[in-house]
Amino acid sequence: MPDLLRRPFGTRGEVHRITPQSAGWRYVGFALHRLRAGDSVTDATGGREAILVLVEGRARITAAGQDWGEMGERMDVFEKTPPHCLYVPPGQDWQAVAATDCTLAVCTAPGQGNHPARRIGPDAITLTRRGTGTNTRWINNIAMEAEAWCDSLLVTEVFTPAGHWSSYPSHRHDEDDFPRITYLEETYYHRLNPADGWAVQRVYTDDGALDETLAVRDGDVVLVPRGHHPCAAPHGFDLYYLNVMA
């Protein structure tokens, strides 16, 4: 089993790259770029589809033969405002040039070419409350079941207040038995406020074959190949994560 907790491997440029091969699974890919104003990143989707998420900052993006202009508005993820995102179908090139310091997430999964390139958000992304009591958290759905933007990607943002739980009650996505349960691989890109904080994510199966409790720091990624995967934000630390599934 590959290591489920991935620390950033740098502070500028690409700081995360998770592929199906490095994760030991079949579908989800995730990369993160921390760019300074003027930095650029160029890539191609190949046989995969991608959603580019401006987690923070602004960048000028060209993709699928179009200039999409300058995208991004949120300068600090904990503003909780809707993100600016771009869907890029398979077989296309894309480039982002940072207009300000920015954090760009690249969420990928196999694609069949059934959907055109398109902006996603900030319009039609509404911060929505979910849960009650200390299970209350706030959701920005980017591309979930209700939206038909993608072939296989599911992407959402979750804000968990200090002292609260999310991805809770504990649940799993490791059987293909729709509608009772569906098979999904997941990555969680975590951020903490303040940035020197920490949170906890447990990944475990009912039979105990997988049982890891992970202390996550600002900028970490957790892989969820199977099993339950609740998160907890201790008192004093707000938790954000960008959740990618396929």
# chains A, B, ... in the order shown; residues from 1 in each chain; ligands from 1
call {"tool": "residues_around", "arguments": {"residues": "stretch 21-29 of chain A", "least_positions_apart": "4", "cutoff": "8 Å", "atoms": "only C-alpha atoms", "output": "PyMOL selection string"}}
result
chain A and resi 1-2+17+107-110+185-187+223+225+244-246
call {"tool": "select_by_dssp", "arguments": {"residues": "stretch 179-227 of chain A", "states": "strand (DSSP E or B)", "output": "ChimeraX atom specification"}}
result
/A:181-183,186-193,198-204,211-217,221-224
call {"tool": "residues_around", "arguments": {"residues": "A:Phe237", "least_positions_apart": "6", "cutoff": "6 Å", "atoms": "only C-alpha atoms", "output": "PyMOL selection string"}}
result
chain A and resi 162+193+197
call {"tool": "write_last_selection", "arguments": {"atoms": "N, CA, C and O atoms", "output": "PDB file, in the first residue's frame"}}
result
ATOM      1  N   ALA A 162     -13.323  25.043  13.189  1.00  0.00           N
ATOM      2  CA  ALA A 162     -12.580  24.508  14.320  1.00  0.00           C
ATOM      3  C   ALA A 162     -13.521  23.763  15.264  1.00  0.00           C
ATOM      4  O   ALA A 162     -14.635  24.211  15.545  1.00  0.00           O
ATOM      5  N   ASN A 193      -6.018  26.962   8.899  1.00  0.00           N
ATOM      6  CA  ASN A 193      -6.009  28.367   9.307  1.00  0.00           C
ATOM      7  C   ASN A 193      -6.080  28.416  10.823  1.00  0.00           C
ATOM      8  O   ASN A 193      -7.091  28.012  11.401  1.00  0.00           O
ATOM      9  N   GLY A 197      -1.347  25.200  11.993  1.00  0.00           N
ATOM     10  CA  GLY A 197      -2.241  24.273  12.670  1.00  0.00           C
ATOM     11  C   GLY A 197      -2.109  22.848  12.155  1.00  0.00           C
ATOM     12  O   GLY A 197      -1.215  22.520  11.374  1.00  0.00           O
TER      13      GLY A 197
END
call {"tool": "closest_residue", "arguments": {"among": "A:Gly227, A:Leu242, A:Gly69, A:Ile142", "to": "A:Glu175", "atoms": "only C-alpha atoms"}}
result
A:Gly227
call {"tool": "closest_residue", "arguments": {"among": "A:Ala37, A:Ala233, A:Leu184, A:Val155", "to": "A:Val53", "atoms": "only C-alpha atoms"}}
result
A:Val155
call {"tool": "residues_around", "arguments": {"residues": "A:Gly113", "least_positions_apart": "4", "cutoff": "10 Å", "atoms": "only C-alpha atoms", "output": "list in words"}}
result
Gly47, Arg48, Glu49, Val88, Pro89, Pro90, Gly91, Ala117, Cys150 and Asp151 of chain A
call {"tool": "write_last_selection", "arguments": {"atoms": "C-alpha atoms", "output": "mmCIF file, in the first residue's frame"}}
result
data_model
loop_
_atom_site.group_PDB
_atom_site.id
_atom_site.type_symbol
_atom_site.label_atom_id
_atom_site.label_comp_id
_atom_site.auth_asym_id
_atom_site.auth_seq_id
_atom_site.Cartn_x
_atom_site.Cartn_y
_atom_site.Cartn_z
ATOM 1 C CA GLY A 47 -6.245 10.677 -22.454
ATOM 2 C CA ARG A 48 -7.504 12.351 -19.294
ATOM 3 C CA GLU A 49 -9.874 15.186 -18.473
ATOM 4 C CA VAL A 88 -10.261 20.889 -20.020
ATOM 5 C CA PRO A 89 -11.255 17.784 -22.024
ATOM 6 C CA PRO A 90 -8.897 15.002 -23.127
ATOM 7 C CA GLY A 91 -6.390 15.622 -25.901
ATOM 8 C CA ALA A 117 -13.916 23.022 -22.370
ATOM 9 C CA CYS A 150 -17.269 15.947 -16.799
ATOM 10 C CA ASP A 151 -17.070 12.320 -17.850
#
call {"tool": "residues_around", "arguments": {"residues": "A:Phe78", "least_positions_apart": "5", "cutoff": "12 Å", "atoms": "only C-alpha atoms", "output": "ChimeraX atom specification"}}
result
/A:55-56,83,138,157-161,190-195,237-241
call {"tool": "write_last_selection", "arguments": {"atoms": "N, CA and C atoms", "output": "CSV table (one decimal), in the first residue's frame"}}
result
chain,number,residue,atom,x,y,z
A,55,VAL,N,-7.2,27.8,-6.5
A,55,VAL,CA,-7.4,27.8,-5.1
A,55,VAL,C,-7.2,29.2,-4.5
A,56,GLU,N,-6.2,29.8,-4.9
A,56,GLU,CA,-5.9,31.2,-4.5
A,56,GLU,C,-5.2,31.9,-5.6
A,83,PRO,N,-14.7,29.4,-6.0
A,83,PRO,CA,-13.5,29.4,-6.8
A,83,PRO,C,-13.7,29.6,-8.3
A,138,TRP,N,-19.2,23.5,5.5
A,138,TRP,CA,-19.6,24.4,4.4
A,138,TRP,C,-19.0,23.9,3.1
A,157,GLU,N,-15.1,21.5,-2.7
A,157,GLU,CA,-14.4,22.1,-1.6
A,157,GLU,C,-15.2,22.0,-0.3
A,158,VAL,N,-14.5,21.8,0.8
A,158,VAL,CA,-15.2,21.7,2.1
A,158,VAL,C,-14.4,22.5,3.1
A,159,PHE,N,-15.2,23.3,3.9
A,159,PHE,CA,-14.6,24.1,4.9
A,159,PHE,C,-15.2,23.6,6.3
A,160,THR,N,-14.3,23.1,7.1
A,160,THR,CA,-14.7,22.5,8.4
A,160,THR,C,-14.3,23.5,9.5
A,161,PRO,N,-15.2,24.0,10.3
A,161,PRO,CA,-14.9,25.0,11.3
A,161,PRO,C,-14.1,24.3,12.4
A,190,HIS,N,-5.3,19.4,1.8
A,190,HIS,CA,-5.7,20.1,3.1
A,190,HIS,C,-5.0,21.4,3.3
A,191,ARG,N,-5.8,22.4,3.8
A,191,ARG,CA,-5.2,23.7,4.2
A,191,ARG,C,-5.7,24.0,5.6
A,192,LEU,N,-4.9,24.6,6.4
A,192,LEU,CA,-5.2,25.0,7.8
A,192,LEU,C,-5.1,26.5,8.0
A,193,ASN,N,-6.0,27.0,8.9
A,193,ASN,CA,-6.0,28.4,9.3
A,193,ASN,C,-6.1,28.4,10.8
A,194,PRO,N,-5.0,28.9,11.5
A,194,PRO,CA,-3.8,29.4,11.0
A,194,PRO,C,-2.9,28.3,10.3
A,195,ALA,N,-2.0,28.7,9.5
A,195,ALA,CA,-1.2,27.7,8.7
A,195,ALA,C,-0.3,26.8,9.5
A,237,PHE,N,-8.3,25.6,15.0
A,237,PHE,CA,-7.8,25.4,13.7
A,237,PHE,C,-9.0,25.2,12.7
A,238,ASP,N,-9.2,26.1,11.7
A,238,ASP,CA,-10.2,25.8,10.7
A,238,ASP,C,-9.5,25.0,9.6
A,239,LEU,N,-10.3,24.1,9.0
A,239,LEU,CA,-9.8,23.1,8.0
A,239,LEU,C,-10.5,23.3,6.7
A,240,TYR,N,-9.7,23.4,5.6
A,240,TYR,CA,-10.2,23.4,4.2
A,240,TYR,C,-9.7,22.1,3.6
A,241,TYR,N,-10.5,21.5,2.7
A,241,TYR,CA,-9.9,20.6,1.8
A,241,TYR,C,-10.6,20.6,0.4
call {"tool": "closest_atom_pairs", "arguments": {"of": "stretch 146-181 of chain A", "to": "stretch 204-215 of chain A", "cutoff": "12 Å", "atoms": "only C-alpha atoms", "output": "JSON lines"}}
result
{"residue": "A:Ser170", "atom": "CA", "partner": "A:Tyr204", "partner_atom": "CA", "distance": 9.7}
{"residue": "A:His171", "atom": "CA", "partner": "A:Thr205", "partner_atom": "CA", "distance": 9.9}
{"residue": "A:Arg172", "atom": "CA", "partner": "A:Thr205", "partner_atom": "CA", "distance": 8.5}
{"residue": "A:His173", "atom": "CA", "partner": "A:Thr205", "partner_atom": "CA", "distance": 10.8}
{"residue": "A:Asp174", "atom": "CA", "partner": "A:Thr205", "partner_atom": "CA", "distance": 9.6}
call {"tool": "write_last_selection", "arguments": {"atoms": "C-alpha atoms", "output": "CSV table (one decimal), in the first residue's frame"}}
result
chain,number,residue,atom,x,y,z
A,170,SER,CA,-18.1,7.8,8.5
A,171,HIS,CA,-18.8,6.3,5.0
A,172,ARG,CA,-16.9,4.6,2.3
A,173,HIS,CA,-16.9,4.4,-1.5
A,174,ASP,CA,-15.1,1.1,-2.2
call {"tool": "residues_around", "arguments": {"residues": "stretch 11-14 of chain A", "least_positions_apart": "5", "cutoff": "9 Å", "atoms": "only C-alpha atoms", "output": "MDAnalysis selection string"}}
result
chainID A and resid 31:36 39:41
call {"tool": "residues_around", "arguments": {"residues": "A:His84", "least_positions_apart": "2", "cutoff": "6 Å", "atoms": "only C-alpha atoms", "output": "PyMOL selection string"}}
result
chain A and resi 54+72+121-122
call {"tool": "closest_residue", "arguments": {"among": "A:Ile18, A:Val97, A:Ile139, A:Cys102", "to": "A:Glu73", "atoms": "only C-alpha atoms"}}
result
A:Cys102
call {"tool": "select_by_dssp", "arguments": {"residues": "stretch 35-243 of chain A", "states": "helix (DSSP H, G or I)", "output": "number ranges by chain"}}
result
A: 77-79, 133-135
